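Q: One structure follows; several queries about it will come next.
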Amino acid sequence: MATPPPALPAPRTSSRYAVALVCLGNICRSPMADVVLSARVEEAGLADRVSIASSGTGDWHVGQPMDRRAAATLTAAGYDASRHRAQQYAPTWRDEFDLVLAMDGQNLVDIGGADHRVRLFRDFDPLEPGGEVPDPYYGGDAGFEEVLTMVERTAATIVAQLGLELE
Ligand code: 4NP
């Protein structure tokens, strides 16, 4: 039987649930997860109670739109990738968000390690829980497709958990 997904930490304030997604550059993985999770939250009717943000531990791309390959992959799958602008992760995010999800193990180390509100995004992956979202930046288009597939199935589980937490 599949392992059940982890329980979500309780929200800091009862009315809203704030989720942060963190990668290295904030132009590929965490923006893709941000767009997909936001779309799923909207579809679930939770948009007024859940906020999603993303950032990168590095500052190289601050202010830039998504990587064009990430955007093309999202657009082909029917998502709107046009609104993203990269921002850098700040240590205060750990104290502000209800849940902070790192795309890979190095991202998790770089933001100070796991605790009850801070963990790997793919801890919620129903297929391979606890894995990393591999960095597609230096690879080909297939890497972006792979990220989208992982992100879509993981986002579905996170939204189901948010629905339970906020019901
Ligand atoms: P991301 O991918 O962390 O998924 O946004 C990267 C984007 C840019 C760089 C590294 C990874 N970079 O070194 O500029």
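Chain labels run A, B, ... following the order of the structure tokens; each chain numbers its residues from 1, and ligands are numbered from 1 in the order shown.
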Report the closest atom pair, with its distance in Å rounded to one decimal, for each residue of chain A that has an atom no farther than 10 Å from ligand 1; count only C-alpha atoms and all ligand atoms, sort by chain and then rising residue number, and write it as CSV.
A:
residue,atom,partner,partner_atom_place_in_ligand_line,distance
A:Val22,CA,ligand 1,3 (O),8.0
A:Cys23,CA,ligand 1,3 (O),4.3
A:Leu24,CA,ligand 1,3 (O),3.4
A:Gly25,CA,ligand 1,5 (O),3.6
A:Asn26,CA,ligand 1,5 (O),3.9
A:Ile27,CA,ligand 1,5 (O),3.9
A:Cys28,CA,ligand 1,5 (O),3.7
A:Arg29,CA,ligand 1,4 (O),3.7
A:Ser30,CA,ligand 1,4 (O),6.1
A:Pro31,CA,ligand 1,5 (O),7.4
A:Met32,CA,ligand 1,4 (O),8.5
A:Ala33,CA,ligand 1,4 (O),9.8
A:Ser55,CA,ligand 1,5 (O),8.6
A:Gly56,CA,ligand 1,3 (O),6.4
A:Thr57,CA,ligand 1,3 (O),8.1
A:Gly58,CA,ligand 1,12 (N),7.8
A:Asp59,CA,ligand 1,14 (O),8.6
A:Trp60,CA,ligand 1,14 (O),6.1
A:His61,CA,ligand 1,14 (O),6.9
A:Met66,CA,ligand 1,5 (O),8.1
A:Asp67,CA,ligand 1,7 (C),7.6
A:Ala70,CA,ligand 1,4 (O),8.9
A:Ala86,CA,ligand 1,5 (O),8.7
A:Met103,CA,ligand 1,4 (O),7.9
A:Asp104,CA,ligand 1,3 (O),9.0
A:Asn107,CA,ligand 1,3 (O),8.5
A:Val133,CA,ligand 1,4 (O),8.4
A:Pro134,CA,ligand 1,4 (O),7.9
A:Asp135,CA,ligand 1,4 (O),5.2
A:Pro136,CA,ligand 1,2 (O),6.3
A:Tyr137,CA,ligand 1,2 (O),4.9
A:Tyr138,CA,ligand 1,11 (C),7.6
A:Phe144,CA,ligand 1,4 (O),9.4
A:Val147,CA,ligand 1,4 (O),9.2
Q: Could you write those residues out with N, CA, C and O atoms, as a compact mmCIF listing (two decimals), in the first residue's frame?
A:
# COMPACT_ATOMS: atom_id res chain seq x y z
N VAL A 22 10.90 26.60 -2.88
CA VAL A 22 12.26 27.15 -2.97
C VAL A 22 13.16 26.25 -3.83
O VAL A 22 13.20 25.03 -3.62
N CYS A 23 13.86 26.88 -4.79
CA CYS A 23 14.89 26.16 -5.55
C CYS A 23 16.15 27.02 -5.57
O CYS A 23 16.33 27.87 -4.68
N LEU A 24 17.00 26.83 -6.55
CA LEU A 24 18.27 27.56 -6.59
C LEU A 24 18.13 28.91 -7.30
O LEU A 24 18.48 29.95 -6.77
N GLY A 25 17.60 28.88 -8.52
CA GLY A 25 17.57 30.10 -9.32
C GLY A 25 16.23 30.82 -9.36
O GLY A 25 16.15 31.95 -9.81
N ASN A 26 15.16 30.14 -8.93
CA ASN A 26 13.78 30.64 -9.04
C ASN A 26 13.40 31.02 -10.47
O ASN A 26 12.65 31.96 -10.71
N ILE A 27 13.94 30.26 -11.43
CA ILE A 27 13.49 30.44 -12.81
C ILE A 27 13.02 29.14 -13.45
O ILE A 27 12.44 29.17 -14.53
N CYS A 28 13.26 27.99 -12.80
CA CYS A 28 12.81 26.71 -13.39
C CYS A 28 11.87 25.95 -12.44
O CYS A 28 10.66 25.99 -12.61
N ARG A 29 12.44 25.25 -11.46
CA ARG A 29 11.63 24.30 -10.69
C ARG A 29 10.59 24.94 -9.78
O ARG A 29 9.39 24.59 -9.86
N SER A 30 11.01 25.86 -8.90
CA SER A 30 10.00 26.40 -7.97
C SER A 30 8.97 27.28 -8.68
O SER A 30 7.80 27.26 -8.28
N PRO A 31 9.32 27.99 -9.77
CA PRO A 31 8.25 28.70 -10.50
C PRO A 31 7.27 27.73 -11.17
O PRO A 31 6.07 28.01 -11.20
N MET A 32 7.78 26.61 -11.69
CA MET A 32 6.86 25.63 -12.29
C MET A 32 5.93 25.08 -11.21
O MET A 32 4.71 24.96 -11.42
N ALA A 33 6.48 24.77 -10.05
CA ALA A 33 5.65 24.26 -8.95
C ALA A 33 4.65 25.32 -8.48
O ALA A 33 3.50 25.01 -8.16
N SER A 55 10.79 31.24 -4.46
CA SER A 55 12.03 32.00 -4.45
C SER A 55 13.19 31.05 -4.70
O SER A 55 13.04 29.83 -4.68
N GLY A 56 14.35 31.67 -4.94
CA GLY A 56 15.58 30.90 -5.14
C GLY A 56 16.60 31.29 -4.09
O GLY A 56 16.62 32.44 -3.64
N THR A 57 17.46 30.36 -3.74
CA THR A 57 18.51 30.69 -2.76
C THR A 57 19.57 31.59 -3.39
O THR A 57 20.24 32.33 -2.69
N GLY A 58 19.73 31.53 -4.70
CA GLY A 58 20.69 32.39 -5.41
C GLY A 58 20.03 33.68 -5.89
O GLY A 58 18.81 33.77 -6.00
N ASP A 59 20.88 34.68 -6.18
CA ASP A 59 20.33 35.98 -6.58
C ASP A 59 20.55 36.32 -8.06
O ASP A 59 20.20 37.40 -8.50
N TRP A 60 21.09 35.37 -8.84
CA TRP A 60 21.50 35.69 -10.22
C TRP A 60 20.35 36.16 -11.10
O TRP A 60 20.55 36.91 -12.04
N HIS A 61 19.15 35.67 -10.86
CA HIS A 61 18.06 35.90 -11.82
C HIS A 61 16.95 36.80 -11.27
O HIS A 61 15.87 36.89 -11.86
N MET A 66 10.49 33.55 -15.94
CA MET A 66 10.86 32.14 -15.92
C MET A 66 11.80 31.79 -17.09
O MET A 66 11.72 32.43 -18.13
N ASP A 67 12.63 30.81 -16.89
CA ASP A 67 13.43 30.24 -17.98
C ASP A 67 12.48 29.92 -19.15
O ASP A 67 11.40 29.37 -18.94
N ALA A 70 11.18 26.36 -19.27
CA ALA A 70 10.19 26.09 -18.22
C ALA A 70 8.85 26.68 -18.63
O ALA A 70 7.79 26.03 -18.51
N ALA A 86 11.48 36.36 -10.83
CA ALA A 86 12.30 35.67 -9.84
C ALA A 86 12.61 36.56 -8.64
O ALA A 86 12.84 37.76 -8.77
N MET A 103 13.05 22.18 -3.27
CA MET A 103 13.02 21.27 -4.43
C MET A 103 14.07 20.17 -4.34
O MET A 103 13.84 19.07 -4.82
N ASP A 104 15.24 20.47 -3.77
CA ASP A 104 16.23 19.39 -3.60
C ASP A 104 16.93 19.52 -2.24
O ASP A 104 16.70 20.49 -1.49
N ASN A 107 18.99 22.67 -1.64
CA ASN A 107 18.13 23.83 -1.32
C ASN A 107 17.71 23.78 0.14
O ASN A 107 17.69 24.80 0.83
N VAL A 133 13.51 17.10 -6.77
CA VAL A 133 13.16 17.56 -8.12
C VAL A 133 14.49 17.93 -8.79
O VAL A 133 15.13 18.90 -8.37
N PRO A 134 14.94 17.15 -9.77
CA PRO A 134 16.26 17.40 -10.34
C PRO A 134 16.32 18.72 -11.10
O PRO A 134 15.36 19.10 -11.76
N ASP A 135 17.47 19.38 -10.99
CA ASP A 135 17.65 20.68 -11.63
C ASP A 135 17.72 20.50 -13.15
O ASP A 135 18.64 19.86 -13.65
N PRO A 136 16.77 21.06 -13.91
CA PRO A 136 16.77 20.86 -15.37
C PRO A 136 17.58 21.92 -16.12
O PRO A 136 17.68 21.86 -17.35
N TYR A 137 18.17 22.88 -15.40
CA TYR A 137 18.71 24.09 -16.03
C TYR A 137 19.79 23.79 -17.07
O TYR A 137 19.82 24.40 -18.13
N TYR A 138 20.68 22.84 -16.75
CA TYR A 138 21.79 22.56 -17.66
C TYR A 138 21.51 21.40 -18.60
O TYR A 138 22.38 20.97 -19.35
N PHE A 144 12.63 19.25 -18.31
CA PHE A 144 11.51 20.12 -17.93
C PHE A 144 10.20 19.35 -17.92
O PHE A 144 9.34 19.58 -17.06
N VAL A 147 10.18 17.39 -14.74
CA VAL A 147 9.84 18.26 -13.61
C VAL A 147 8.32 18.48 -13.58
O VAL A 147 7.69 18.37 -12.52
Q: Write out as a tab-separated table (two decimals) with all heavy atoms, in the first residue's frame the residues lying within 7 Å of region 50-52 of chain A, counting only C-alpha atoms and excluding same-chain residues fewer than 5 positions away.
A:
chain	number	residue	atom	x	y	z
A	16	ARG	N	-5.81	31.66	6.74
A	16	ARG	CA	-5.04	31.50	5.50
A	16	ARG	C	-3.94	30.49	5.67
A	16	ARG	O	-3.43	30.30	6.77
A	16	ARG	CB	-4.40	32.84	5.09
A	16	ARG	CG	-5.31	33.74	4.32
A	16	ARG	CD	-4.53	34.91	3.73
A	16	ARG	NE	-3.92	34.61	2.44
A	16	ARG	CZ	-4.61	34.49	1.31
A	16	ARG	NH1	-5.90	34.61	1.30
A	16	ARG	NH2	-3.98	34.24	0.18
A	17	TYR	N	-3.54	29.88	4.57
A	17	TYR	CA	-2.41	28.94	4.59
A	17	TYR	C	-1.40	29.40	3.54
A	17	TYR	O	-1.74	29.52	2.36
A	17	TYR	CB	-2.88	27.52	4.29
A	17	TYR	CG	-1.94	26.49	4.86
A	17	TYR	CD1	-2.23	25.84	6.05
A	17	TYR	CD2	-0.73	26.19	4.23
A	17	TYR	CE1	-1.35	24.91	6.60
A	17	TYR	CE2	0.14	25.27	4.77
A	17	TYR	CZ	-0.18	24.63	5.95
A	17	TYR	OH	0.70	23.73	6.49
A	18	ALA	N	-0.17	29.69	3.97
A	18	ALA	CA	0.86	30.23	3.07
A	18	ALA	C	1.94	29.19	2.80
A	18	ALA	O	2.57	28.68	3.73
A	18	ALA	CB	1.47	31.49	3.68
A	19	VAL	N	2.12	28.87	1.52
A	19	VAL	CA	3.09	27.86	1.10
A	19	VAL	C	4.19	28.53	0.29
A	19	VAL	O	3.91	29.31	-0.63
A	19	VAL	CB	2.42	26.78	0.24
A	19	VAL	CG1	3.42	25.70	-0.18
A	19	VAL	CG2	1.24	26.15	0.96
A	20	ALA	N	5.44	28.24	0.62
A	20	ALA	CA	6.59	28.75	-0.13
A	20	ALA	C	7.32	27.59	-0.80
A	20	ALA	O	7.45	26.51	-0.23
A	20	ALA	CB	7.54	29.48	0.80
A	34	ASP	N	5.08	26.57	-8.48
A	34	ASP	CA	4.23	27.69	-8.07
A	34	ASP	C	3.01	27.80	-9.01
A	34	ASP	O	1.84	27.86	-8.56
A	34	ASP	CB	5.09	28.97	-8.11
A	34	ASP	CG	4.41	30.21	-7.57
A	34	ASP	OD1	3.18	30.26	-7.52
A	34	ASP	OD2	5.13	31.16	-7.22
A	38	SER	N	-0.67	26.73	-7.82
A	38	SER	CA	-1.66	27.81	-7.83
A	38	SER	C	-2.88	27.44	-8.66
A	38	SER	O	-4.02	27.72	-8.28
A	38	SER	CB	-1.03	29.11	-8.38
A	38	SER	OG	0.00	29.54	-7.54
Q: Which neighbours of Val151 (chain A) fall inside 9 Å, counting only C-alpha atoms, when residues of the same chain fewer than 2 positions from it are skipped, and could you give them as an MDAnalysis selection string?
A: chainID A and resid 29 32:33 36:37 121:122 125 133 146:149 153:156
Q: Output the selection as a compact mmCIF listing (two decimals), in the first residue's frame - N, CA, C and O atoms for each residue.
A:
# COMPACT_ATOMS: atom_id res chain seq x y z
N ARG A 29 12.44 25.25 -11.46
CA ARG A 29 11.63 24.30 -10.69
C ARG A 29 10.59 24.94 -9.78
O ARG A 29 9.39 24.59 -9.86
N MET A 32 7.78 26.61 -11.69
CA MET A 32 6.86 25.63 -12.29
C MET A 32 5.93 25.08 -11.21
O MET A 32 4.71 24.96 -11.42
N ALA A 33 6.48 24.77 -10.05
CA ALA A 33 5.65 24.26 -8.95
C ALA A 33 4.65 25.32 -8.48
O ALA A 33 3.50 25.01 -8.16
N VAL A 36 1.77 25.52 -11.13
CA VAL A 36 0.92 24.33 -11.11
C VAL A 36 0.12 24.27 -9.80
O VAL A 36 -1.10 24.02 -9.81
N LEU A 37 0.79 24.50 -8.68
CA LEU A 37 0.09 24.45 -7.39
C LEU A 37 -0.98 25.54 -7.32
O LEU A 37 -2.10 25.29 -6.84
N PHE A 121 9.74 19.27 -1.12
CA PHE A 121 8.49 19.27 -1.89
C PHE A 121 8.02 17.84 -2.15
O PHE A 121 6.84 17.50 -1.97
N ARG A 122 8.95 16.98 -2.56
CA ARG A 122 8.54 15.62 -2.94
C ARG A 122 8.30 14.69 -1.75
O ARG A 122 8.01 13.52 -1.96
N ASP A 125 5.13 13.60 -2.79
CA ASP A 125 4.98 12.87 -4.05
C ASP A 125 4.35 11.50 -3.75
O ASP A 125 4.93 10.70 -3.02
N VAL A 133 13.51 17.10 -6.77
CA VAL A 133 13.16 17.56 -8.12
C VAL A 133 14.49 17.93 -8.79
O VAL A 133 15.13 18.90 -8.37
N GLU A 146 9.98 16.20 -17.25
CA GLU A 146 10.07 15.36 -16.06
C GLU A 146 9.68 16.17 -14.81
O GLU A 146 8.94 15.69 -13.95
N VAL A 147 10.18 17.39 -14.74
CA VAL A 147 9.84 18.26 -13.61
C VAL A 147 8.32 18.48 -13.58
O VAL A 147 7.69 18.37 -12.52
N LEU A 148 7.73 18.78 -14.74
CA LEU A 148 6.29 19.04 -14.77
C LEU A 148 5.49 17.82 -14.28
O LEU A 148 4.55 17.96 -13.50
N THR A 149 5.88 16.63 -14.72
CA THR A 149 5.18 15.41 -14.31
C THR A 149 5.25 15.23 -12.78
O THR A 149 4.23 14.96 -12.13
N ARG A 153 1.82 15.69 -10.10
CA ARG A 153 1.27 14.67 -9.20
C ARG A 153 1.48 15.06 -7.73
O ARG A 153 0.66 14.75 -6.87
N THR A 154 2.59 15.76 -7.44
CA THR A 154 2.86 16.16 -6.06
C THR A 154 1.93 17.30 -5.65
O THR A 154 1.41 17.32 -4.52
N ALA A 155 1.67 18.23 -6.57
CA ALA A 155 0.76 19.35 -6.27
C ALA A 155 -0.64 18.83 -5.95
O ALA A 155 -1.33 19.36 -5.07
N ALA A 156 -1.06 17.79 -6.66
CA ALA A 156 -2.41 17.24 -6.41
C ALA A 156 -2.52 16.75 -4.97
O ALA A 156 -3.53 16.97 -4.30
Q: Give me, as an NGL selection string, the residues of region 82-165 of chain A that a backbone DSSP run labels alpha helix (DSSP H).
A: :A and (93-96 or 105-110 or 141-165)
Q: DSSP on the backbone, strand (DSSP E or B) only: what residues of chain A does that give? Format it as a list in words.
A: Tyr17, Ala18, Val19, Ala20, Leu21, Val22, Cys23, Val50, Ser51, Ile52, Ala53, Ser54, Ser55, Gly56, Gln88, Leu99, Val100, Leu101, Ala102, Asp115, Val118, Arg119 and Leu120 of chain A
Q: Filtering to C-alpha atoms, could you give me those residues as a PDB file, in the first residue's frame?
A:
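Produced file again16.pdb, reproduced below:
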ATOM      1  CA  TYR A  17      -2.413  28.943   4.588  1.00  0.00           C
ATOM      2  CA  ALA A  18       0.855  30.229   3.071  1.00  0.00           C
ATOM      3  CA  VAL A  19       3.091  27.863   1.105  1.00  0.00           C
ATOM      4  CA  ALA A  20       6.587  28.746  -0.133  1.00  0.00           C
ATOM      5  CA  LEU A  21       8.484  26.825  -2.812  1.00  0.00           C
ATOM      6  CA  VAL A  22      12.261  27.146  -2.972  1.00  0.00           C
ATOM      7  CA  CYS A  23      14.891  26.161  -5.548  1.00  0.00           C
ATOM      8  CA  VAL A  50      -4.160  29.584   0.263  1.00  0.00           C
ATOM      9  CA  SER A  51      -1.273  31.733  -0.933  1.00  0.00           C
ATOM     10  CA  ILE A  52       1.696  30.408  -2.862  1.00  0.00           C
ATOM     11  CA  ALA A  53       5.079  32.080  -3.362  1.00  0.00           C
ATOM     12  CA  SER A  54       8.409  30.918  -4.701  1.00  0.00           C
ATOM     13  CA  SER A  55      12.031  31.998  -4.446  1.00  0.00           C
ATOM     14  CA  GLY A  56      15.579  30.903  -5.139  1.00  0.00           C
ATOM     15  CA  GLN A  88      15.616  35.564  -3.742  1.00  0.00           C
ATOM     16  CA  LEU A  99       4.994  25.432   4.948  1.00  0.00           C
ATOM     17  CA  VAL A 100       8.301  25.852   3.088  1.00  0.00           C
ATOM     18  CA  LEU A 101       9.067  23.205   0.453  1.00  0.00           C
ATOM     19  CA  ALA A 102      12.552  22.834  -1.012  1.00  0.00           C
ATOM     20  CA  ASP A 115      11.851  21.235  10.661  1.00  0.00           C
ATOM     21  CA  VAL A 118      10.292  23.064   6.282  1.00  0.00           C
ATOM     22  CA  ARG A 119      10.783  19.954   4.153  1.00  0.00           C
ATOM     23  CA  LEU A 120      11.237  18.575   0.651  1.00  0.00           C
TER      24      LEU A 120
END
Q: Using only C-alpha atoms, which of A:Ala47, A:Val35, A:Leu127, A:Ile111 sits nearest Arg83 (chain A)?
A: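 So, comparing all the options, the nearest one is A:Val35.
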Q: Might you pull out every residue within 8 Å of Ala44 (chain A), with only C-alpha atoms counted and same-chain residues fewer than 3 positions away left off, and present them as a PyMOL selection string?
A: chain A and resi 40-41+47+159+163
Q: Please save N, CA, C and O atoms of the selected residues as a short mmCIF file (atom, residue, chain, number, x, y, z; two decimals), in the first residue's frame.
A:
data_model
loop_
_atom_site.label_atom_id
_atom_site.label_comp_id
_atom_site.auth_asym_id
_atom_site.auth_seq_id
_atom_site.Cartn_x
_atom_site.Cartn_y
_atom_site.Cartn_z
N ARG A 40 -3.99 24.40 -9.26
CA ARG A 40 -4.74 23.34 -8.54
C ARG A 40 -5.53 23.92 -7.36
O ARG A 40 -6.64 23.49 -7.06
N VAL A 41 -4.91 24.89 -6.69
CA VAL A 41 -5.58 25.55 -5.57
C VAL A 41 -6.83 26.28 -6.06
O VAL A 41 -7.90 26.21 -5.45
N ALA A 47 -8.53 29.32 -3.49
CA ALA A 47 -7.65 30.45 -3.81
C ALA A 47 -7.73 31.59 -2.80
O ALA A 47 -6.75 32.30 -2.58
N VAL A 159 -2.61 19.76 -2.50
CA VAL A 159 -3.91 20.43 -2.49
C VAL A 159 -4.96 19.59 -1.75
O VAL A 159 -5.79 20.13 -1.01
N GLY A 163 -6.95 20.90 1.46
CA GLY A 163 -8.40 20.83 1.58
C GLY A 163 -8.81 20.24 2.92
O GLY A 163 -9.74 20.73 3.58
#
Q: Quick one: residues within 10 Å of Pro5 (chain A), only C-alpha atoms, excluding same-chain residues fewer than 5 positions away - as a list in words?
A: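 Those residues are Arg122, Asp123, Phe124, Asp125, Pro126, Pro129, Thr154, Thr157, Ile158, Ala160 and Gln161 of chain A.
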Q: For the residues selected in the previous step, produce a file with N, CA and C atoms as a compact mmCIF listing (two decimals), in the first residue's frame.
A:
# COMPACT_ATOMS: atom_id res chain seq x y z
N ARG A 122 8.95 16.98 -2.56
CA ARG A 122 8.54 15.62 -2.94
C ARG A 122 8.30 14.69 -1.75
N ASP A 123 8.35 15.21 -0.55
CA ASP A 123 7.82 14.41 0.58
C ASP A 123 6.33 14.13 0.33
N PHE A 124 5.70 14.97 -0.51
CA PHE A 124 4.28 14.80 -0.83
C PHE A 124 4.04 14.08 -2.16
N ASP A 125 5.13 13.60 -2.79
CA ASP A 125 4.98 12.87 -4.05
C ASP A 125 4.35 11.50 -3.75
N PRO A 126 3.18 11.22 -4.32
CA PRO A 126 2.51 9.96 -4.01
C PRO A 126 3.24 8.75 -4.60
N PRO A 129 7.87 9.21 -2.68
CA PRO A 129 8.00 10.24 -1.64
C PRO A 129 9.44 10.39 -1.16
N THR A 154 2.59 15.76 -7.44
CA THR A 154 2.86 16.16 -6.06
C THR A 154 1.93 17.30 -5.65
N THR A 157 -1.46 16.10 -4.48
CA THR A 157 -1.48 15.60 -3.11
C THR A 157 -1.46 16.75 -2.10
N ILE A 158 -0.65 17.76 -2.38
CA ILE A 158 -0.58 18.91 -1.45
C ILE A 158 -1.95 19.59 -1.37
N ALA A 160 -4.89 18.28 -1.93
CA ALA A 160 -5.81 17.42 -1.18
C ALA A 160 -5.58 17.58 0.32
N GLN A 161 -4.32 17.68 0.73
CA GLN A 161 -4.00 17.86 2.15
C GLN A 161 -4.44 19.24 2.65
Q: Go ahead and compute the interatomic distance for CA of His84 (chain A) and CA of Gln106 (chain A), in Å to one decimal.
A: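 Separation between CA of His84 (chain A) and CA of Gln106 (chain A): 23.0 Å.
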Q: What is the CA of Leu166 (chain A)-CA of Tyr79 (chain A) distance in Å, reported with one decimal?
A: 25.1 Å
Q: CA of Tyr89 (chain A) and CA of Met150 (chain A) are how many Å apart?
A: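 Calculated distance between CA of Tyr89 (chain A) and CA of Met150 (chain A) is 22.4 Å.
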